[in-house]
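Here the structure comes first, spelled out in structure tokens, and everything after it is commentary.
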2 protein chains.
Amino acid sequence: MALAKIVVALGGNALQRKGAPATAEAQLEVVTETVQYIAEMSCRDYELAVVHGNGPQVGNIVLASETAADVVPVMPFDVCGAMSQGYIGYHIQQALRFALQKRNRNIPVATLVTQVVVDKDDPAFQNPTKPIGAFYAEDEAKRVAAEKGYSVKEDSGRGWRRVVASPMPKRIVEFSCLTELWDTTIVITAGGGGIPVIEKEDGSLEGIAAVIDKDLAAARLAEDIGADILMILTEVEKVSLNFNKPDQKDLDHITVAEAEKYIAEGHFAPGSMLPKVQAAVNFVKGNPGKKAMITSLFKSLDALDGKTGTVIS
Amino acid sequence: MALAKIVVALGGNALQRKGAPATAEAQLEVVTETVQYIAEMSCRDYELAVVHGNGPQVGNIVLASETAADVVPVMPFDVCGAMSQGYIGYHIQQALRFALQKRNRNIPVATLVTQVVVDKDDPAFQNPTKPIGAFYAEDEAKRVAAEKGYSVKEDSGRGWRRVVASPMPKRIVEFSCLTELWDTTIVITAGGGGIPVIEKEDGSLEGIAAVIDKDLAAARLAEDIGADILMILTEVEKVSLNFNKPDQKDLDHITVAEAEKYIAEGHFAPGSMLPKVQAAVNFVKGNPGKKAMITSLFKSLDALDGKTGTVIS
């Protein structure tokens with residue numbers, strides 16, 4: 001029998017501890033804990049692909065590049081995303097390989113540098129929302145924006161920043177390589193949601209400054225590969241209605257229809273739980289009979305056993 | 001009949017033009033020309049893997065990181081190497097995919113983030129020679145060296161710099177993934193010679209600050225995969241004796257024994273032609289009957305036709 005396939009989407013807390021310095025050493029420490037859960041999933045005979053976030057990492061790569069502008073050329077945002085895939089993929093593949101080895105699982109781990117096509121007419125480009133890079137004073141921000149053709153916005157009272165769009169993932173460019181590797185290898189792919197590219201009229205691809213939500217990219221991947229489970233790992237054990245209010249209600253098992261109703265009612269915060277629930281819905285709609293789970297890293301094995309987490313099916 | 005397999009090692013001039021600014025945009029332009037040659041090789045029905053250098057790129061990543069030290073944590077050298085694999089691999093895979101598409105070759109291209117094991121007792125660690133990162137005044141260099149445990153040396157009258165070792169590549173960690181992909185996919189791997197790691201007593205891998213010569217890494221790969229041809233692309237059409245002297249003599253076809261004699265006679269510059277000839281010798285010794293070629297990118301197709309280049313067999 002073919003093994004059940006899982007696409008695991010790792011949230012930021014699976015890579016870096018909140019409030020801790022964003023050093024590579026600290027990241028490797030957190031990643032080393034995180035991969036124990038992935039290795040355990042592999043020991044339960046699931047076939048796995050791993051998608052991870054890259055927000056703080058790509059943010060720091062951009063900041064370093066902008067800060068050093070007088071010394072070395074500033075790298076465009078798509079390149080910074082590619083760099084973050086190398087950085088984070090390297091740590092995960094190194095730590096996960098050893099976690100498997102300790103469990104006598106001789107399974108290779110590989111990171112694929114991954115481009116994801118977005119639609120150049122995606123409505124998200126009309127309203128860029130994702131802040132990246134340095135903070136500026138208002139007048140400085142407007143000067144930079146005019147000079148470089150950036151969009152800028154005020155960010156939560158902390159200053160002005162460049163903002164980029166967050167378009168929908170349409171197609172994973174390196175998908176066929178992933179399918180080649182899937183049966184034998186744990187593949188780390190579409191890191192940070194993938195390097196965003198648009199397809200030009202002549203068929204060539206061109207990197208753009210945009211942020212693809214990594215949970216939506218994981219859902220795209222899970223749907224395309226026909227995964228059995230999309231597992232979205234975040235900070236909470238279950239999705240909740242009325243989150244952080246006195247009448248908070250944790251959700252165990254909901255249908256796509258219920259999830260869509262809750263989305264419409266505004267229960268989930270944009271940029272936080274909303275894209276996760278949306279990703280779960282996208283996947284289950286595309287692969288009826290399969291399920292999506294949203295839970296925490298630490299509860300992921302219990303969730304696979306059906307003991308916790310929020311299941312959307 | 002199985003197709004002939006080539007491992008192509010791309011030199012720095014295949015990625016960036018000398019003297020031009022090291023912007024991502026300029027690199028993509030050069031890479032777009034470079035990949036036309038690789039696409040043509042693929043059209044001649046060779047199976048290909050591509051190894052590339054990363055000297056200027058990783059140098060600039062290190063410089064940006066060091067320059068921005070007050071703003072974001074400085075990234076260690078192994079992580080900068082991983083970032084450079086993401087950066088350069090992304091450009092090559094994007095441009096090569098389109099170059100193949102224009103030729104109606106529907107062959108996927110993928111970059112594998114690649115670790116390469118070196119021996120922690122490699123004698124190279126006793127005498128670090130590869131300068132990386134910023135230039136310092138002598139006293140500042142010595143202070144940084146004492147503080148961080150770096151080795152520092154004076155670099156060609158331009159100032160003091162950190163130096164790291166250049167140990168021999170022993171094992172390509174992600175080799176099995178490469179063999180999975182090889183038959184269907186053009187794989188970009190061991191970029192910059194690979195992310196250098198040492199194997200610890202418990203079997204775990206640990207990134208270290210070192211530079212693995214990319215031609216030696218390509219030879220390791222070519223030998224392990226049983227390639228038919230190792231093609232080392234550089235700035236000159238042929239290897240020469242008495243290079244740049246009145247009695248310069250270009251070499252067409254030499255044996256391993258001749259190559260070793262010329263090496264012993266000191267004909268080839270360390271850090272330049274020497275590692276290329278050494279890589280060619282290593283490969284042919286490990287795979288008798290196969291051949292290594294050293295030529296320029298622009299002559300690579302002619303060399304495959306037997307019309308030029310230096311062949312070692």
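Labeling convention for the structure tokens: chains A, B, ... as they appear, residues from 1 per chain, ligands from 1 in order of appearance.
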Could you build a table of the residues in chain A lying no more than 6 Å from chain B, giving for each the nearest pair of atoms and their separation in Å rounded to one decimal place, using only C-alpha atoms, ordered by chain and ascending residue number, as CSV?
```
residue,atom,partner,partner_atom,distance
A:Thr23,CA,B:Pro73,CA,5.4
A:Ala64,CA,B:Ala68,CA,5.1
A:Ser65,CA,B:Ala64,CA,5.7
A:Thr67,CA,B:Ala68,CA,5.6
A:Ala68,CA,B:Ala64,CA,5.1
A:Pro73,CA,B:Thr23,CA,5.4
A:Val79,CA,B:Tyr87,CA,5.6
A:Ala82,CA,B:Gly86,CA,4.8
A:Met83,CA,B:Met83,CA,4.1
A:Gly86,CA,B:Gly86,CA,4.6
A:Tyr87,CA,B:Met83,CA,5.3
A:Phe98,CA,B:Ser204,CA,5.5
A:Thr111,CA,B:Val113,CA,5.4
A:Leu112,CA,B:Leu112,CA,5.1
A:Val113,CA,B:Thr111,CA,5.4
A:Ser204,CA,B:Phe98,CA,5.6
```
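Close contacts of Ala257 of chain B, defined as residues with an atom at most 10 Å away when counting only C-alpha atoms, with chain neighbours fewer than 2 positions off set aside, comprise Ile254, Thr255, Ala259, Glu260, Lys261, Tyr262, Ile263, Val281, Lys285, Ile312 and Ser313 of chain B.
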One number please: atom CA of Lys153 of chain A to atom CA of Val118 of chain A, in Å, one decimal.
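Straight-line distance from atom CA of Lys153 of chain A to atom CA of Val118 of chain A works out to 22.8 Å.
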Neighbour list for Leu216 of chain A as a ChimeraX atom specification, cut-off 7 Å, only C-alpha atoms, skip fewer than 5 positions in-chain:
/A:169,275,279
Identify which of the residues B:Ala264, B:Ala280, B:Leu221, B:Val164 lies closest to Ile208 of chain B, counting only C-alpha atoms when measuring atom-to-atom distances.
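Nearest candidate to Ile208 of chain B out of B:Ala264, B:Ala280, B:Leu221, B:Val164: B:Val164.
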Give the answer as one residue: which of B:Tyr136, B:Lys290, B:Pro56, B:Leu301 has the shortest atom-to-atom distance to Ser42 of chain B, using only C-alpha atoms?
B:Leu301
Using only C-alpha atoms, which of A:Val236, A:Leu15, A:Leu274, A:Ala124 sits nearest Ser300 of chain A?
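Once distances to Ser300 of chain A are computed over only C-alpha atoms, the minimum belongs to A:Val236.
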Go through A:Val239, A:Ala39, A:Ala141, A:Ala218 one by one, measure the shortest atom-to-atom distance of each to Ala190 of chain A using only C-alpha atoms, and give the residue with the smallest value.
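Answer, going by the shortest atom-to-atom distance: A:Ala218.
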Among segment 107-177 of chain A, which ones does DSSP assign to helix (DSSP H, G or I) (computed from the backbone)? Answer as a tab-separated table (two decimals) with N, CA, C and O atoms, in the first residue's frame.
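result-v2.tsv, freshly written:
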```tsv
chain	number	residue	atom	x	y	z
A	123	PRO	N	-5.25	40.62	-7.94
A	123	PRO	CA	-5.72	41.88	-7.33
A	123	PRO	C	-4.86	42.34	-6.15
A	123	PRO	O	-4.85	43.53	-5.81
A	124	ALA	N	-4.12	41.41	-5.54
A	124	ALA	CA	-3.26	41.79	-4.40
A	124	ALA	C	-2.28	42.89	-4.78
A	124	ALA	O	-1.87	43.69	-3.94
A	125	PHE	N	-1.88	42.92	-6.08
A	125	PHE	CA	-0.91	43.94	-6.49
A	125	PHE	C	-1.49	45.36	-6.43
A	125	PHE	O	-0.76	46.34	-6.45
A	126	GLN	N	-2.82	45.46	-6.40
A	126	GLN	CA	-3.45	46.77	-6.28
A	126	GLN	C	-3.37	47.31	-4.86
A	126	GLN	O	-3.57	48.49	-4.62
A	138	GLU	N	8.55	59.49	7.63
A	138	GLU	CA	7.57	59.62	6.55
A	138	GLU	C	8.17	60.25	5.28
A	138	GLU	O	8.00	59.72	4.18
A	139	ASP	N	8.89	61.37	5.45
A	139	ASP	CA	9.38	62.08	4.25
A	139	ASP	C	10.45	61.26	3.53
A	139	ASP	O	10.48	61.19	2.31
A	140	GLU	N	11.31	60.61	4.34
A	140	GLU	CA	12.34	59.74	3.78
A	140	GLU	C	11.67	58.57	3.01
A	140	GLU	O	12.07	58.22	1.90
A	141	ALA	N	10.64	58.00	3.61
A	141	ALA	CA	9.93	56.88	2.99
A	141	ALA	C	9.36	57.31	1.65
A	141	ALA	O	9.47	56.58	0.64
A	142	LYS	N	8.79	58.49	1.60
A	142	LYS	CA	8.16	58.95	0.36
A	142	LYS	C	9.21	59.27	-0.71
A	142	LYS	O	8.96	59.09	-1.90
A	143	ARG	N	10.38	59.73	-0.25
A	143	ARG	CA	11.47	59.99	-1.19
A	143	ARG	C	11.96	58.67	-1.81
A	143	ARG	O	12.10	58.54	-3.03
A	144	VAL	N	12.19	57.65	-0.93
A	144	VAL	CA	12.64	56.34	-1.41
A	144	VAL	C	11.60	55.73	-2.35
A	144	VAL	O	11.93	55.15	-3.39
A	145	ALA	N	10.33	55.88	-1.98
A	145	ALA	CA	9.25	55.31	-2.78
A	145	ALA	C	9.25	55.91	-4.18
A	145	ALA	O	9.14	55.19	-5.19
A	146	ALA	N	9.40	57.24	-4.25
A	146	ALA	CA	9.40	57.91	-5.54
A	146	ALA	C	10.62	57.49	-6.36
A	146	ALA	O	10.53	57.24	-7.57
A	147	GLU	N	11.75	57.37	-5.66
A	147	GLU	CA	13.01	57.07	-6.34
A	147	GLU	C	13.03	55.65	-6.90
A	147	GLU	O	13.48	55.41	-8.02
A	148	LYS	N	12.51	54.70	-6.13
A	148	LYS	CA	12.65	53.30	-6.52
A	148	LYS	C	11.34	52.65	-6.99
A	148	LYS	O	11.31	51.47	-7.31
A	175	PHE	N	7.83	21.66	-9.51
A	175	PHE	CA	6.95	20.60	-9.03
A	175	PHE	C	7.39	19.20	-9.51
A	175	PHE	O	7.37	18.24	-8.75
A	176	SER	N	7.81	19.10	-10.76
A	176	SER	CA	8.15	17.77	-11.28
A	176	SER	C	9.37	17.18	-10.56
A	176	SER	O	9.47	15.96	-10.40
A	177	CYS	N	10.28	18.03	-10.11
A	177	CYS	CA	11.44	17.54	-9.36
A	177	CYS	C	10.99	17.01	-8.01
A	177	CYS	O	11.49	16.00	-7.51
```
Top pick for closest residue to Glu235 of chain B, considering B:Gly157, B:Gly191, B:Gly309, B:Pro167 and counting only C-alpha atoms
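Of B:Gly157, B:Gly191, B:Gly309, B:Pro167, the one nearest Glu235 of chain B is B:Gly309, counting only C-alpha atoms.
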